[in-house]
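Q: Next up, target16.csv (CSV, C-alpha atoms).
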```csv
chain,number,residue,atom,x,y,z
A,1,MET,CA,185.4,143.6,75.4
A,2,SER,CA,188.5,144.8,73.5
A,3,PHE,CA,189.2,143.6,70.0
A,4,LEU,CA,192.3,141.6,71.1
A,5,LEU,CA,190.5,140.0,74.0
A,6,GLN,CA,187.6,139.1,71.7
A,7,GLN,CA,190.0,137.5,69.2
A,8,LEU,CA,191.6,135.5,72.0
A,9,THR,CA,188.2,134.4,73.2
A,10,ASP,CA,187.3,133.4,69.7
A,11,GLU,CA,190.4,131.2,69.5
A,12,ILE,CA,189.7,129.6,72.8
A,13,ALA,CA,186.1,129.0,71.9
A,14,GLY,CA,186.9,127.6,68.5
A,15,LEU,CA,185.4,130.6,66.5
A,16,ASP,CA,181.8,130.5,67.1
A,17,ILE,CA,178.9,132.9,67.6
A,18,VAL,CA,175.5,132.4,69.1
A,19,ILE,CA,172.6,134.1,67.2
A,20,GLU,CA,169.4,134.2,69.2
A,21,ILE,CA,166.2,134.8,67.3
A,22,GLY,CA,162.8,134.1,68.9
A,23,ASP,CA,164.4,132.9,72.1
A,24,ILE,CA,166.1,130.1,70.2
A,25,PRO,CA,169.9,130.3,70.4
A,26,VAL,CA,171.7,129.0,67.4
A,27,ARG,CA,175.5,128.4,67.6
A,28,ILE,CA,177.4,129.0,64.3
A,29,ILE,CA,180.8,127.4,64.3
A,30,THR,CA,183.3,128.5,61.7
A,31,GLY,CA,187.0,128.2,61.2
A,32,ASP,CA,187.2,131.7,59.7
A,33,ALA,CA,187.7,134.8,61.9
A,34,ASN,CA,186.8,137.1,59.0
A,35,PHE,CA,183.5,135.3,58.4
A,36,LEU,CA,182.8,135.5,62.2
A,37,GLN,CA,183.2,139.3,62.0
A,38,ILE,CA,180.8,139.4,59.0
A,39,LEU,CA,178.2,137.5,61.2
A,40,ARG,CA,178.8,139.8,64.2
A,41,GLY,CA,178.0,142.8,62.0
A,42,ARG,CA,175.1,141.2,60.2
A,43,TYR,CA,173.4,140.0,63.4
A,44,ALA,CA,174.2,142.8,65.7
A,45,GLY,CA,171.6,143.0,68.4
A,46,PHE,CA,170.9,139.2,68.0
A,47,VAL,CA,174.3,138.0,69.1
A,48,SER,CA,173.8,136.2,72.4
A,49,SER,CA,176.2,135.4,75.3
A,50,ALA,CA,174.3,132.2,76.0
A,51,LYS,CA,176.6,129.3,76.7
A,52,GLN,CA,174.1,126.7,75.6
A,53,ALA,CA,172.6,126.7,72.2
A,54,GLU,CA,169.5,124.8,71.1
A,55,ILE,CA,170.9,124.3,67.6
A,56,GLU,CA,174.5,124.1,66.3
A,57,LEU,CA,175.5,124.6,62.7
A,58,GLU,CA,179.1,124.2,61.5
A,59,VAL,CA,180.0,126.3,58.5
A,60,GLU,CA,182.4,125.0,55.9
A,61,LEU,CA,183.4,127.9,53.7
A,62,THR,CA,183.9,127.1,50.0
A,63,GLN,CA,185.5,129.0,47.1
A,64,PRO,CA,183.1,131.1,45.0
A,65,ARG,CA,181.8,129.2,41.9
A,66,PRO,CA,179.2,130.1,39.3
A,67,THR,CA,175.7,129.6,40.7
A,68,ASP,CA,172.2,130.0,39.3
A,69,PRO,CA,170.7,133.1,41.0
A,70,GLU,CA,167.2,132.0,40.0
A,71,ALA,CA,167.6,128.5,41.6
A,72,ASP,CA,164.7,127.8,44.0
A,73,VAL,CA,165.4,126.6,47.5
A,74,GLU,CA,164.8,122.9,48.2
A,75,VAL,CA,164.0,121.6,51.6
A,76,THR,CA,163.5,117.9,52.0
A,77,TYR,CA,163.4,115.4,54.9
A,78,GLU,CA,164.9,112.0,54.6
A,79,LYS,CA,166.3,109.5,57.2
A,80,ASN,CA,165.7,112.0,60.0
A,81,ILE,CA,167.8,114.7,58.3
A,82,TRP,CA,166.6,118.0,56.8
A,83,ALA,CA,168.5,118.7,53.6
A,84,LEU,CA,168.5,122.4,52.5
A,85,ARG,CA,169.8,123.4,49.1
A,86,ARG,CA,169.9,126.5,46.9
A,87,GLY,CA,172.4,127.5,44.2
A,88,ASP,CA,174.6,129.3,46.8
A,89,PHE,CA,174.5,126.8,49.7
A,90,ARG,CA,174.0,123.2,50.8
A,91,ALA,CA,173.1,122.4,54.4
A,92,GLU,CA,171.8,119.5,56.5
A,93,TRP,CA,170.2,119.7,59.9
A,94,ASN,CA,169.3,116.8,62.2
A,95,PRO,CA,166.3,117.9,64.4
A,96,GLU,CA,167.0,115.1,66.9
A,97,THR,CA,170.6,116.0,67.6
A,98,ARG,CA,169.9,119.6,66.8
A,99,GLN,CA,173.2,119.7,64.9
A,100,GLY,CA,174.0,120.4,61.3
A,101,TRP,CA,176.4,121.9,58.7
A,102,ILE,CA,176.4,124.5,56.0
A,103,GLN,CA,178.6,124.7,52.9
A,104,GLN,CA,178.7,128.2,51.4
A,105,THR,CA,181.0,131.0,50.5
A,106,ALA,CA,181.9,133.7,53.0
A,107,ASN,CA,178.8,135.8,52.6
A,108,PRO,CA,176.0,136.7,55.0
A,109,TYR,CA,173.1,136.0,52.6
A,110,SER,CA,173.4,132.2,52.4
A,111,ILE,CA,173.5,131.7,56.1
A,112,ASP,CA,170.6,134.1,56.5
A,113,ALA,CA,168.5,131.8,54.2
A,114,VAL,CA,169.6,128.8,56.2
A,115,LEU,CA,168.6,130.4,59.5
A,116,ARG,CA,165.2,131.4,58.1
A,117,ILE,CA,164.6,127.8,57.0
A,118,VAL,CA,165.8,126.2,60.2
A,119,HIS,CA,163.7,128.5,62.3
A,120,SER,CA,160.7,127.9,60.1
A,121,LEU,CA,161.1,124.1,60.7
A,122,VAL,CA,161.5,124.5,64.4
A,123,LEU,CA,158.5,126.8,64.6
A,124,ALA,CA,156.3,124.5,62.4
A,125,SER,CA,156.9,121.7,64.9
A,126,GLN,CA,155.8,124.0,67.8
A,127,GLY,CA,152.7,125.6,66.4
A,128,GLY,CA,154.3,128.8,65.2
A,129,PHE,CA,155.5,130.1,61.8
A,130,LEU,CA,157.4,132.8,59.9
A,131,LEU,CA,155.2,135.2,58.0
A,132,HIS,CA,155.9,137.7,55.2
A,133,SER,CA,154.8,140.7,57.2
A,134,ALA,CA,156.1,143.7,59.0
A,135,SER,CA,155.6,143.7,62.8
A,136,ALA,CA,155.9,146.2,65.6
A,137,ILE,CA,155.2,146.7,69.2
A,138,ARG,CA,153.0,149.5,70.6
A,139,ASN,CA,151.7,149.7,74.1
A,140,GLN,CA,153.2,146.3,75.0
A,141,LYS,CA,151.3,144.6,72.2
A,142,ALA,CA,152.6,143.3,68.9
A,143,PHE,CA,150.9,144.0,65.6
A,144,LEU,CA,151.6,142.3,62.3
A,145,PHE,CA,151.1,143.8,58.9
A,146,ALA,CA,151.0,141.1,56.2
A,147,GLY,CA,151.1,141.4,52.5
A,148,VAL,CA,152.9,140.4,49.3
A,149,SER,CA,155.7,142.4,47.9
A,150,GLY,CA,154.4,145.9,47.2
A,151,ALA,CA,151.5,145.7,49.7
A,152,GLY,CA,153.1,148.3,52.0
A,153,LYS,CA,155.1,146.4,54.6
A,154,THR,CA,158.1,148.7,54.2
A,155,THR,CA,155.9,151.8,53.9
A,156,ILE,CA,154.0,151.2,57.1
A,157,SER,CA,157.3,150.4,58.9
A,158,ARG,CA,158.8,153.6,57.7
A,159,LEU,CA,155.7,155.6,58.9
A,160,ALA,CA,155.9,154.2,62.4
A,161,PRO,CA,155.9,157.0,65.1
A,162,HIS,CA,158.6,157.1,67.8
A,163,ASP,CA,156.6,155.2,70.4
A,164,VAL,CA,156.5,152.1,68.1
A,165,THR,CA,159.3,149.5,68.3
A,166,LEU,CA,159.9,147.9,64.9
A,167,LEU,CA,160.3,144.1,65.1
A,168,THR,CA,160.8,143.6,61.3
A,169,ASP,CA,159.8,145.1,58.0
A,170,GLU,CA,159.9,141.8,56.2
A,171,ILE,CA,159.5,138.5,58.1
A,172,SER,CA,157.6,138.2,61.4
A,173,TYR,CA,158.4,135.5,63.9
A,174,VAL,CA,155.4,134.0,65.5
A,175,ARG,CA,155.5,131.6,68.4
A,176,ARG,CA,152.7,129.9,70.2
A,177,ARG,CA,152.6,130.5,74.0
A,178,GLY,CA,149.7,129.1,76.0
A,179,ASP,CA,146.4,130.3,74.4
A,180,GLY,CA,148.1,133.1,72.5
A,181,TYR,CA,151.0,134.1,70.3
A,182,ILE,CA,154.2,136.0,70.7
A,183,GLY,CA,155.7,138.2,68.0
A,184,TYR,CA,159.5,138.5,68.1
A,185,GLY,CA,161.9,140.8,66.5
A,186,THR,CA,164.1,139.4,63.7
A,187,PRO,CA,167.2,140.5,61.8
A,188,PHE,CA,165.5,139.5,58.6
A,189,THR,CA,165.1,142.7,56.7
A,190,GLY,CA,163.3,143.9,53.6
A,191,GLU,CA,163.7,147.1,51.7
A,192,LEU,CA,164.1,149.1,54.8
A,193,ALA,CA,167.4,147.2,55.4
A,194,LYS,CA,167.1,147.9,59.1
A,195,LEU,CA,167.3,145.1,61.7
A,196,GLY,CA,164.3,144.7,64.0
A,197,GLU,CA,164.7,145.2,67.7
A,198,ASN,CA,165.4,142.0,69.6
A,199,VAL,CA,162.3,142.2,71.8
A,200,SER,CA,158.9,140.5,71.9
A,201,ALA,CA,155.3,141.0,72.9
A,202,PRO,CA,151.9,139.2,72.8
A,203,ILE,CA,150.4,139.5,69.3
A,204,SER,CA,147.2,141.6,69.5
A,205,ALA,CA,146.2,141.8,65.8
A,206,LEU,CA,147.2,140.9,62.3
A,207,TYR,CA,146.4,143.4,59.5
A,208,LEU,CA,146.3,142.4,55.8
A,209,LEU,CA,147.6,145.5,54.0
A,210,VAL,CA,145.9,147.2,51.2
A,211,GLN,CA,147.0,150.7,50.0
A,212,GLY,CA,144.1,153.0,49.3
A,213,LYS,CA,142.7,156.5,49.5
A,214,GLU,CA,141.7,156.4,53.2
A,215,ASN,CA,142.7,154.8,56.4
A,216,ARG,CA,140.3,152.2,57.7
A,217,ILE,CA,140.1,148.8,59.3
A,218,GLU,CA,137.6,146.2,58.2
A,219,PRO,CA,136.8,142.8,59.6
A,220,ILE,CA,137.3,139.9,57.2
A,221,ALA,CA,135.9,136.4,57.2
A,222,PRO,CA,138.1,133.9,59.1
A,223,SER,CA,138.3,131.7,55.9
A,224,ASP,CA,139.7,134.7,54.0
A,225,ALA,CA,142.1,135.4,56.8
A,226,THR,CA,143.3,131.9,56.7
A,227,ARG,CA,143.8,132.0,53.0
A,228,SER,CA,145.8,135.2,53.2
A,229,ILE,CA,148.0,134.0,56.0
A,230,LEU,CA,148.7,130.7,54.2
A,231,ALA,CA,149.6,132.7,51.0
A,232,ASN,CA,152.1,134.7,53.0
A,233,LEU,CA,153.8,131.9,55.0
A,234,LEU,CA,157.5,131.4,54.7
A,235,PHE,CA,157.6,127.7,54.4
A,236,PHE,CA,159.6,125.6,52.0
A,237,ALA,CA,159.6,122.1,53.4
A,238,LYS,CA,158.3,119.3,51.2
A,239,ASP,CA,157.1,117.2,54.1
A,240,GLU,CA,153.5,116.0,54.3
A,241,GLU,CA,153.4,115.8,58.1
A,242,LEU,CA,154.9,119.3,58.6
A,243,VAL,CA,152.6,120.8,56.0
A,244,GLN,CA,149.6,119.5,57.8
A,245,ARG,CA,150.9,120.9,61.1
A,246,VAL,CA,151.5,124.4,59.6
A,247,PHE,CA,148.0,124.3,58.1
A,248,HIS,CA,146.4,123.6,61.5
A,249,SER,CA,148.7,126.1,63.2
A,250,VAL,CA,147.3,128.9,60.9
A,251,PHE,CA,143.7,127.9,61.8
A,252,GLU,CA,144.6,128.0,65.5
A,253,PHE,CA,146.1,131.4,65.0
A,254,VAL,CA,143.0,132.8,63.2
A,255,THR,CA,140.7,131.6,66.0
A,256,ARG,CA,142.9,133.3,68.6
A,257,VAL,CA,144.1,136.5,67.0
A,258,THR,CA,142.0,139.2,65.4
A,259,VAL,CA,142.7,139.4,61.7
A,260,SER,CA,141.5,142.5,59.7
A,261,ARG,CA,142.0,144.3,56.5
A,262,LEU,CA,143.9,147.6,56.9
A,263,THR,CA,143.4,150.0,54.0
A,264,PHE,CA,145.9,152.9,54.3
A,265,MET,CA,147.2,156.0,52.7
A,266,PRO,CA,151.0,156.4,52.8
A,267,ASP,CA,151.1,158.9,55.6
A,268,SER,CA,151.7,158.5,59.3
A,269,ARG,CA,148.0,159.0,60.3
A,270,VAL,CA,147.4,155.3,59.6
A,271,TRP,CA,149.1,154.7,63.0
A,272,GLU,CA,146.3,156.5,64.7
A,273,LEU,CA,144.3,153.3,64.1
A,274,ILE,CA,146.9,151.0,65.6
A,275,GLY,CA,147.4,150.2,69.2
B,276,MET,CA,125.3,101.9,38.0
B,277,SER,CA,127.8,100.2,40.4
B,278,LYS,CA,128.2,101.4,44.0
B,279,LEU,CA,130.8,104.0,44.7
B,280,TYR,CA,132.5,104.4,48.1
B,281,LEU,CA,134.4,107.5,49.2
B,282,SER,CA,137.1,107.9,51.8
B,283,ARG,CA,139.0,111.0,52.9
B,284,ASN,CA,142.6,111.0,51.8
B,285,PRO,CA,144.5,110.9,55.1
B,286,LYS,CA,147.3,112.9,53.4
B,287,VAL,CA,145.3,116.1,53.3
B,288,ALA,CA,144.8,118.6,56.1
B,289,ALA,CA,141.2,119.7,56.6
B,290,ARG,CA,139.5,122.3,58.8
B,291,ALA,CA,136.0,123.7,58.9
B,292,LEU,CA,135.8,127.5,59.5
B,293,ASP,CA,132.5,129.4,59.5
B,294,GLY,CA,130.8,126.6,57.6
B,295,GLU,CA,133.5,126.5,54.9
B,296,MET,CA,135.6,123.4,54.6
B,297,MET,CA,139.2,124.2,53.7
B,298,ILE,CA,141.5,121.4,52.5
B,299,MET,CA,145.2,121.6,51.9
B,300,SER,CA,147.1,119.0,50.0
B,301,ALA,CA,150.1,118.0,52.0
B,302,LYS,CA,151.7,116.8,48.9
B,303,ASP,CA,152.0,120.2,47.1
B,304,SER,CA,150.4,122.6,49.6
B,305,THR,CA,147.5,123.4,47.2
B,306,LEU,CA,144.6,124.9,49.1
B,307,PHE,CA,141.0,124.0,48.2
B,308,THR,CA,137.7,125.5,49.6
B,309,LEU,CA,134.9,123.0,49.3
B,310,ASN,CA,131.4,124.2,48.3
B,311,ARG,CA,128.4,123.0,50.3
B,312,THR,CA,127.9,119.7,48.3
B,313,ALA,CA,131.6,118.9,48.3
B,314,THR,CA,131.6,119.5,52.1
B,315,ILE,CA,128.7,117.1,52.5
B,316,LEU,CA,130.6,114.4,50.5
B,317,TRP,CA,133.8,115.1,52.5
B,318,GLN,CA,132.1,114.8,55.8
B,319,ALA,CA,130.2,111.6,54.8
B,320,ALA,CA,133.2,109.9,53.2
B,321,ASP,CA,133.7,107.2,55.8
B,322,GLY,CA,134.7,104.5,53.3
B,323,ALA,CA,131.7,102.4,54.3
B,324,THR,CA,128.7,104.3,53.2
B,325,ALA,CA,127.9,104.1,49.5
B,326,LEU,CA,127.5,107.3,47.5
B,327,ASP,CA,123.8,106.6,46.7
B,328,GLU,CA,123.1,106.4,50.4
B,329,ILE,CA,124.9,109.6,51.1
B,330,VAL,CA,123.0,111.4,48.3
B,331,GLN,CA,119.7,110.0,49.5
B,332,ARG,CA,120.2,110.8,53.2
B,333,ARG,CA,122.3,114.0,53.1
B,334,ILE,CA,121.9,115.7,49.7
B,335,CYS,CA,118.3,115.1,48.7
B,336,THR,CA,117.1,116.1,52.2
B,337,VAL,CA,118.8,119.5,51.8
B,338,PHE,CA,118.5,120.4,48.2
B,339,ASP,CA,115.4,120.3,46.0
B,340,ILE,CA,116.7,117.9,43.4
B,341,ALA,CA,115.7,114.6,41.9
B,342,ALA,CA,117.6,111.6,43.3
B,343,SER,CA,118.9,110.4,40.0
B,344,GLU,CA,120.2,113.9,39.0
B,345,ALA,CA,121.8,114.4,42.4
B,346,LEU,CA,123.6,111.0,42.2
B,347,THR,CA,125.0,111.9,38.8
B,348,ASP,CA,126.2,115.3,40.0
B,349,ALA,CA,127.6,113.8,43.2
B,350,GLU,CA,129.5,111.1,41.3
B,351,ASN,CA,131.0,113.7,39.0
B,352,LEU,CA,132.0,115.8,42.0
B,353,ALA,CA,133.4,112.8,43.8
B,354,ARG,CA,135.6,111.9,40.8
B,355,GLU,CA,136.8,115.5,40.6
B,356,LEU,CA,137.7,115.5,44.2
B,357,ALA,CA,139.5,112.2,43.7
B,358,ASN,CA,141.4,113.7,40.8
B,359,HIS,CA,142.7,116.4,43.2
B,360,GLU,CA,143.6,113.6,45.7
B,361,ILE,CA,141.2,115.0,48.3
B,362,LEU,CA,139.0,111.9,48.3
B,363,GLN,CA,139.7,108.3,47.5
B,364,ILE,CA,137.0,106.5,45.6
B,365,SER,CA,136.4,102.8,45.0
B,366,ASP,CA,133.7,100.5,43.9
B,367,ALA,CA,134.2,98.5,47.1
B,368,PRO,CA,134.2,99.7,50.8
B,369,ILE,CA,137.4,101.4,51.8
B,370,GLN,CA,139.1,100.8,55.1
B,371,SER,CA,142.2,102.7,56.4
B,372,GLY,CA,142.6,104.4,53.0
B,373,LEU,CA,142.8,101.1,51.1
B,374,PRO,CA,139.9,99.2,49.4
B,375,VAL,CA,138.8,96.2,51.4
B,376,MET,CA,138.9,93.0,49.4
B,377,THR,CA,135.3,91.8,49.0
B,378,GLU,CA,133.5,89.3,46.9
B,379,LYS,CA,132.4,90.6,43.6
B,380,ARG,CA,128.7,91.4,43.5
```
How does the structure come out when it is put into structure tokens?

A:
Amino acid sequence: MSFLLQQLTDEIAGLDIVIEIGDIPVRIITGDANFLQILRGRYAGFVSSAKQAEIELEVELTQPRPTDPEADVEVTYEKNIWALRRGDFRAEWNPETRQGWIQQTANPYSIDAVLRIVHSLVLASQGGFLLHSASAIRNQKAFLFAGVSGAGKTTISRLAPHDVTLLTDEISYVRRRGDGYIGYGTPFTGELAKLGENVSAPISALYLLVQGKENRIEPIAPSDATRSILANLLFFAKDEELVQRVFHSVFEFVTRVTVSRLTFMPDSRVWELIG
Amino acid sequence: MSKLYLSRNPKVAARALDGEMMIMSAKDSTLFTLNRTATILWQAADGATALDEIVQRRICTVFDIAASEALTDAENLARELANHEILQISDAPIQSGLPVMTEKR
């Protein structure tokens, strides 16, 4: 589509964009063509042509003002509305109407945080979750590599050979399907600053990363696996019912997906163990 | 010593995995792993069975320990679990998470 035609289409459509992550299309409505262009660039590969969106978020752009960069995100549920707040944005989302709004300046980082939170809420209610982990597809199977900052998520992503499709180097998207789980690509990036591919595959294994002097995979006790996954979950909501659901979701995951410890040296031979 | 009744706090999530009982506080997402004795107390905490009965039936039959010593240890443990809001404790039977009004003994 030419640029002029795209602009005309934007005007007719009221300036919106559908960003589809994990098979969940989210329509972002904005009155600002420049911000729309920022979003098109930021979420390239995840922009959908879907007419129907499962979630609609209207963005109100505000003028820059001093904010506390250390401010923690707050996610609370009251009167059927999720309220999301950080120094650089305020947002609300109604899970029944699937509509909400965001107040932020014209930057891609605030909306990225809102999208992560909204997806984490949707997934939590469906038995899935967002996990601090790299993930990739090899031989039609998805593999997750979890660990805290510095554990090696970016390193193992960078070492991936050509037959591996990177889903993310930072935040994995896990959805329950039947008796198993599906790993999806996300645009949520870490140090690699490279968007994942917008593809998915059944999750075959989750590895807890440890950097060492050899490459080896070791089994771990399910209780240790559960503790590690809970420690790496991306979940902010202060809501007792949802916390319980996420807790049980992690147990279900551990009983259905092999979780092991992957000790690895920072060279590509580690991938000989994967797949 | 007055009777002590235990009830599971309905606001925590609990699952047993490989013999370990894991409990998460829904209030602040703190994760607890219960030891064997704490697991017995958790599983037996139906609000209706007094702690001394639990100790006699489920702890003294498993561990080689005098009943009086076991009861003291179990009471301390129950109070600790209550401090973490994992269990609710009361000197009267507990129903639906709330103490049942009963005549004073």

Q: In the coordinates of the file, take the point (147.5, 143.9, 52.9) and a cut-off of 10 Å; then, counting only C-alpha atoms, name each qualifying protein, DNA or RNA residue as a ChimeraX atom specification.

A: /A:133,145-153,206-211,228,260-264

Q: Could you write out as number ranges by chain the residues of chain B within 6 Å of chain A, counting all atoms listed in the file?

A: B: 288, 301-302

Q: Taking 2 positions as the minimum chain separation for residues in the same chain, which residues sit within 9 Å of Thr168 of chain A when counting all atoms listed in the file? Answer as a PyMOL selection string.

A: chain A and resi 133-136+157+166+170-173+184-190+194-197

Q: Mind giving me the straight-line distance from atom CA of Thr258 of chain A to atom CA of Ile229 of chain A in Å, one decimal?

A: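 Atom CA of Ile229 of chain A lies 12.3 Å from atom CA of Thr258 of chain A.
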
Q: Any idea what's packed within 10 Å of segment 278-284 of chain B, counting only C-alpha atoms, ignoring anything in its chain fewer than 4 positions away? Could you give it as a PyMOL selection string?

A: chain B and resi 288-289+300+316-329+350+353-354+356-357+360-374

Q: Just how far from atom CA of Ser125 of chain A is atom CA of His359 of chain B, in Å to one decimal?

A: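 Here the two named atoms are 26.5 Å from each other.
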
Q: Out of A:Tyr77, A:Pro108, A:Pro95, A:Ile102, which residue has the shortest atom-to-atom distance to Arg40 of chain A when counting only C-alpha atoms?

A: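 Using only C-alpha atoms, Arg40 of chain A sits closest to A:Pro108.
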
Q: Quick one, how far is atom CA of Glu58 of chain A from atom CA of Ala124 of chain A?

A: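 A separation of 22.8 Å between them.
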
Q: Please determine, counting only C-alpha atoms, which residue among A:Asp169, A:Glu272, A:Glu92, A:Glu78 has the shortest atom-to-atom distance to Ile117 of chain A.

A: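 Distance minimum relative to Ile117 of chain A lands on A:Glu92.
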
Q: Let me make sure I understand: among B:Arg332, B:Pro285, B:Phe338, B:Glu295, which one has the smallest atom-to-atom distance to Phe307 of chain B if we use all atoms listed in the file?

A: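 Residue with the minimum atom-to-atom distance to Phe307 of chain B: B:Glu295.
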